[in-house]
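The structure appears right after this line, and notes come after that.
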Amino acid sequence: MVKICCIGAGYVGGPTMAVIALKCPSIEVVVVDISVNRINAWNSDQLPIYEPGLDDVVKQCRGKNLFFSTDVEKHVYEADIIFVSVNTPTKTRGLGAGKAADLTYWESAARMIADVSKSDKIVVEKSTVPVKTAEAIEKILTHNSKGINFSILSNPEFLAEGTAIQDLFKPDRVLIGGRETPTAQKAVQALKQVYAQWVPEDRIITSNLWSAELSKLAANAFLAQRISSVNAISALCEATGADVTEVAYSVGKDSRIGPKFLNASVGFGGSCFQKDILNLVYICECNGLPEVANYWKQVIKINDYQKNRFVNRIVSSMFNTVSGKKIAVLGFAFKKDTGDTRETPAIDVCKGLLGDKAKISIYDPQVTEDQIQRDLALNKFDWDHPVHLQPLSPTAAKQVSVTWDAYEAAKDAHGVCILTEWDEFKKLDYQSIYENMQKPAFIFDGRNVIDPEKLRKIGFIVYSIGKPLDAWLKDMPAVA
Ligand code: NAI
């Protein structure tokens, strides 16, 4: 029986390995992590992450050929194939701080693999890493190898949170990169055999190591660039009376462009886009390509601009101050169908409103109060470095409340902001929300989930990203 061990039981390691176990009953899969809490949760009825369809897959295989353990060394020692799916956050200190990927977790995993291994291993980069990381990992492994043969492969993960199980069942492509040597090519074939159990052969791409590493960074940069492009157009729509939904529809009908990822919004979030683009920017700078670095940096700048623009729109339309006013925030996760709040635009929007002394009342169907309070207390980039955790200042903490109901959040509020596109926000009883709010009642839709005309008929003053503005908003000072 082939044995697989995956180091890192997070958003990628957990779902990916559960699907491999489901599709390959003859392979034993063990997911290991240094976090005892995370492993305990994977072994319980309350999985550590919310992902549609995940519960079902885990229940079918756990205890049969899928295991979760904190005994990292034992399972690495026993494995034939080791996936490394640890976090690769942005560095907060030292050389490349604020841009470069922090490979501390990766390096310590590689050193541990070198220490405990007594037989040949295939080591698979599953985490998103800077191009050329495999070279560094190879050096760590071979310099400590005691004659053991390590083959390093790059197999970046393209799943999206919220649709992870669907994406893993039917991936657009699986990418496997390896060196040209016969041993490495044998390893590529061995990994290909695993995926071939359920992925059609023509969707399994093989490439050289550096192409595989760079493809993942490039794919995320292209995806984020589409969002920033449509968001940039949304600002122009508001200024001219065009409607971004109509513009995006017409643009996306061009088969060379395509319709996906063209929804204007308050901005992209999630643990990957910003970190991976910053990393790409840093790699360009290190390779003497400042123009290329600046080109990609602009994708992030537009994203920050879009979040600021949203906050400014709220404040300026509410008579230039939100001090002491209650603002209901509907949705805190970075997208629907996940409880993940890493780099969510809601953090920046809430911090912007708190900075103007608003009182905010937050509701999200999947995010706990504890998580929200922690997110609002963290500095930029610190979320993946737990040592930097600081408590929310007592004044700020008083300004934030978290509810388990959208109606409760909106009760007596001056304004409502929608920051995540949860389906349930489309179906709320906005008439009753309106009746229980202060007047004039404002709604700021950061995800274009509500029908602005319907809500205007109820009596709301509505702001929807990239849509023609209410007369009220046009009369307010320009937003920069
Ligand atoms: P995560 O933070 O949810 O999971 C990483 C896990 O690794 C944590 O539970 C941590 O305790 C564990 N870990 C760290 N060092 C360890 C060590 N030495 N030994 C054992 N366990 C260790 O991160 P996530 O979201 O799963 O991402 C992992 C990688 O996959 C990152 O490089 C990310 O960029 C990439 N990725 C993430 C996607 C996503 O949607 N979240 C999608 C595609 C790639």
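Chain labels A, B, ... are given in the sequence in which chains occur in the structure tokens; within each chain residues are numbered consecutively from 1, and ligands are likewise numbered from 1 in the order shown.
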Would you give me, as a tab-separated table, each residue of chain A having an atom within 9 Å of an atom of ligand 1, along with its shortest atom pair and that distance in Å to one decimal, using only C-alpha atoms and all ligand atoms and sorting by chain and residue number?
```
residue	atom	partner	partner_atom_place_in_ligand_line	distance
A:Cys6	CA	ligand 1	20 (C)	8.6
A:Ile7	CA	ligand 1	20 (C)	5.0
A:Gly8	CA	ligand 1	7 (O)	3.4
A:Ala9	CA	ligand 1	9 (O)	4.9
A:Gly10	CA	ligand 1	3 (O)	3.3
A:Tyr11	CA	ligand 1	26 (O)	3.7
A:Val12	CA	ligand 1	26 (O)	3.8
A:Gly13	CA	ligand 1	26 (O)	5.6
A:Gly14	CA	ligand 1	26 (O)	7.5
A:Pro15	CA	ligand 1	26 (O)	9.0
A:Val32	CA	ligand 1	20 (C)	6.1
A:Asp33	CA	ligand 1	21 (N)	3.7
A:Ile34	CA	ligand 1	20 (C)	4.5
A:Ser35	CA	ligand 1	11 (O)	4.8
A:Val36	CA	ligand 1	11 (O)	8.5
A:Arg38	CA	ligand 1	9 (O)	6.5
A:Ile39	CA	ligand 1	9 (O)	8.4
A:Ile49	CA	ligand 1	3 (O)	8.6
A:Thr70	CA	ligand 1	20 (C)	8.0
A:Val72	CA	ligand 1	20 (C)	6.6
A:Val84	CA	ligand 1	29 (C)	8.3
A:Ser85	CA	ligand 1	28 (C)	4.8
A:Val86	CA	ligand 1	7 (O)	3.6
A:Asn87	CA	ligand 1	5 (C)	4.3
A:Thr88	CA	ligand 1	32 (O)	4.5
A:Pro89	CA	ligand 1	32 (O)	7.3
A:Thr104	CA	ligand 1	15 (N)	8.1
A:Tyr105	CA	ligand 1	15 (N)	4.4
A:Trp106	CA	ligand 1	18 (N)	6.6
A:Glu107	CA	ligand 1	18 (N)	7.8
A:Ser108	CA	ligand 1	18 (N)	5.3
A:Ala109	CA	ligand 1	18 (N)	4.3
A:Ala110	CA	ligand 1	18 (N)	8.1
A:Met112	CA	ligand 1	18 (N)	7.8
A:Glu125	CA	ligand 1	32 (O)	8.9
A:Lys126	CA	ligand 1	30 (O)	6.2
A:Ser127	CA	ligand 1	32 (O)	3.4
A:Thr128	CA	ligand 1	32 (O)	3.9
A:Val129	CA	ligand 1	32 (O)	6.2
A:Pro156	CA	ligand 1	44 (C)	6.6
A:Glu157	CA	ligand 1	43 (C)	4.6
A:Phe158	CA	ligand 1	43 (C)	5.1
A:Leu159	CA	ligand 1	42 (C)	5.3
A:Ala160	CA	ligand 1	40 (O)	5.1
A:Glu161	CA	ligand 1	40 (O)	4.9
A:Gly162	CA	ligand 1	40 (O)	8.7
A:Ala164	CA	ligand 1	40 (O)	7.9
A:Lys216	CA	ligand 1	44 (C)	8.2
A:Gly270	CA	ligand 1	40 (O)	7.4
A:Ser271	CA	ligand 1	41 (N)	6.0
A:Cys272	CA	ligand 1	34 (O)	5.2
A:Phe273	CA	ligand 1	34 (O)	8.6
A:Lys275	CA	ligand 1	34 (O)	7.8
A:Asp276	CA	ligand 1	34 (O)	7.2
A:Asp340	CA	ligand 1	41 (N)	8.7
A:Asp384	CA	ligand 1	2 (O)	7.0
```
Name the residues in contact with Tyr77 (chain A) at a cut-off of 7 Å, using only C-alpha atoms, excluding same-chain residues fewer than 4 positions from it; report them as a PDB file with N, CA, C and O atoms, in the first residue's frame.
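selection_25.pdb, freshly written:
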```pdb
ATOM      1  N   GLU A  73       6.487  13.204  12.983  1.00  0.00           N
ATOM      2  CA  GLU A  73       7.713  12.479  12.616  1.00  0.00           C
ATOM      3  C   GLU A  73       7.433  11.030  12.237  1.00  0.00           C
ATOM      4  O   GLU A  73       7.960  10.517  11.254  1.00  0.00           O
ATOM      5  N   VAL A 116      14.216  12.693   9.884  1.00  0.00           N
ATOM      6  CA  VAL A 116      13.553  11.436  10.274  1.00  0.00           C
ATOM      7  C   VAL A 116      13.527  10.382   9.168  1.00  0.00           C
ATOM      8  O   VAL A 116      13.225   9.222   9.431  1.00  0.00           O
ATOM      9  N   SER A 117      13.834  10.779   7.921  1.00  0.00           N
ATOM     10  CA  SER A 117      13.683   9.824   6.814  1.00  0.00           C
ATOM     11  C   SER A 117      14.766   8.746   6.835  1.00  0.00           C
ATOM     12  O   SER A 117      15.946   9.033   7.048  1.00  0.00           O
ATOM     13  N   LYS A 118      14.339   7.500   6.583  1.00  0.00           N
ATOM     14  CA  LYS A 118      15.296   6.386   6.497  1.00  0.00           C
ATOM     15  C   LYS A 118      15.152   5.670   5.154  1.00  0.00           C
ATOM     16  O   LYS A 118      15.790   4.667   4.899  1.00  0.00           O
TER      17      LYS A 118
END
```
Exercise: Gln431 (chain A) partners within 9 Å, only C-alpha atoms, chain neighbours under 2 positions left out, as an mmCIF file with N, CA and C atoms, in the first residue's frame:
```cif
data_model
loop_
_atom_site.group_PDB
_atom_site.id
_atom_site.type_symbol
_atom_site.label_atom_id
_atom_site.label_comp_id
_atom_site.auth_asym_id
_atom_site.auth_seq_id
_atom_site.Cartn_x
_atom_site.Cartn_y
_atom_site.Cartn_z
ATOM 1 N N LEU A 428 -33.249 38.572 2.481
ATOM 2 C CA LEU A 428 -33.684 39.183 3.742
ATOM 3 C C LEU A 428 -34.957 40.007 3.524
ATOM 4 N N ASP A 429 -35.722 40.192 4.604
ATOM 5 C CA ASP A 429 -36.915 41.033 4.537
ATOM 6 C C ASP A 429 -36.475 42.489 4.745
ATOM 7 N N ILE A 433 -36.342 45.362 7.863
ATOM 8 C CA ILE A 433 -35.068 45.975 8.263
ATOM 9 C C ILE A 433 -35.204 47.502 8.218
ATOM 10 N N TYR A 434 -35.814 48.003 7.128
ATOM 11 C CA TYR A 434 -35.983 49.452 6.949
ATOM 12 C C TYR A 434 -36.792 50.046 8.101
ATOM 13 N N GLU A 435 -37.888 49.356 8.433
ATOM 14 C CA GLU A 435 -38.776 49.889 9.476
ATOM 15 C C GLU A 435 -38.071 50.015 10.824
ATOM 16 N N ASN A 436 -37.106 49.140 11.087
ATOM 17 C CA ASN A 436 -36.424 49.170 12.390
ATOM 18 C C ASN A 436 -35.138 49.992 12.404
ATOM 19 N N LEU A 455 -34.996 48.350 -3.365
ATOM 20 C CA LEU A 455 -34.724 48.925 -2.048
ATOM 21 C C LEU A 455 -34.996 50.422 -2.009
ATOM 22 N N ILE A 458 -38.543 50.933 -1.239
ATOM 23 C CA ILE A 458 -38.873 50.794 0.202
ATOM 24 C C ILE A 458 -38.581 52.107 0.928
ATOM 25 N N GLY A 459 -37.584 52.844 0.457
ATOM 26 C CA GLY A 459 -37.251 54.116 1.110
ATOM 27 C C GLY A 459 -35.770 54.279 1.407
#
```
From a DSSP calculation on the backbone, collect every residue of region 242-375 of chain A in alpha helix (DSSP H) and output the set as JSON, numbers by chain. {"A": [244, 245, 246, 247, 248, 249, 250, 251, 252, 273, 274, 275, 276, 277, 278, 279, 280, 281, 282, 283, 284, 285, 286, 290, 291, 292, 293, 294, 295, 296, 297, 298, 299, 300, 301, 302, 303, 304, 305, 306, 307, 308, 309, 310, 311, 312, 313, 314, 315, 316, 317, 345, 346, 347, 348, 349, 350, 351, 352, 353, 354, 355, 369, 370, 371, 372, 373, 374, 375]}
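Closest to Ile148 (chain A) among A:Lys121, A:Lys474, A:Arg226, A:Arg447 is A:Lys121, based on only C-alpha atoms.
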Got a sec: who's within 7 Å of region 237-245 of chain A, counting only C-alpha atoms, leaving out chain neighbours fewer than 3 positions off, as an MDAnalysis selection string? chainID A and resid 233:234 248:249 466:469
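Using only C-alpha atoms for every distance, the candidate list A:Arg309, A:Lys326, A:Lys186, A:Lys253 yields A:Lys326 as the residue closest to Glu408 (chain A).
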Who sits within 7 Å of Val131 (chain A), only C-alpha atoms, same chain under 6 positions skipped, as an MDAnalysis selection string: chainID A and resid 210 213:214
Emit the selected residues as a PDB file, in the first residue's frame, including N, CA and C atoms.
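Output saved as again-v3.pdb:
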```
ATOM      1  N   TRP A 210      10.344  24.870 -12.436  1.00  0.00           N
ATOM      2  CA  TRP A 210      10.197  26.331 -12.277  1.00  0.00           C
ATOM      3  C   TRP A 210       8.912  26.819 -12.928  1.00  0.00           C
ATOM      4  N   GLU A 213       6.118  26.064 -10.388  1.00  0.00           N
ATOM      5  CA  GLU A 213       6.104  27.022  -9.272  1.00  0.00           C
ATOM      6  C   GLU A 213       5.571  28.387  -9.731  1.00  0.00           C
ATOM      7  N   LEU A 214       6.071  28.841 -10.887  1.00  0.00           N
ATOM      8  CA  LEU A 214       5.679  30.176 -11.341  1.00  0.00           C
ATOM      9  C   LEU A 214       4.227  30.211 -11.827  1.00  0.00           C
TER      10      LEU A 214
END
```
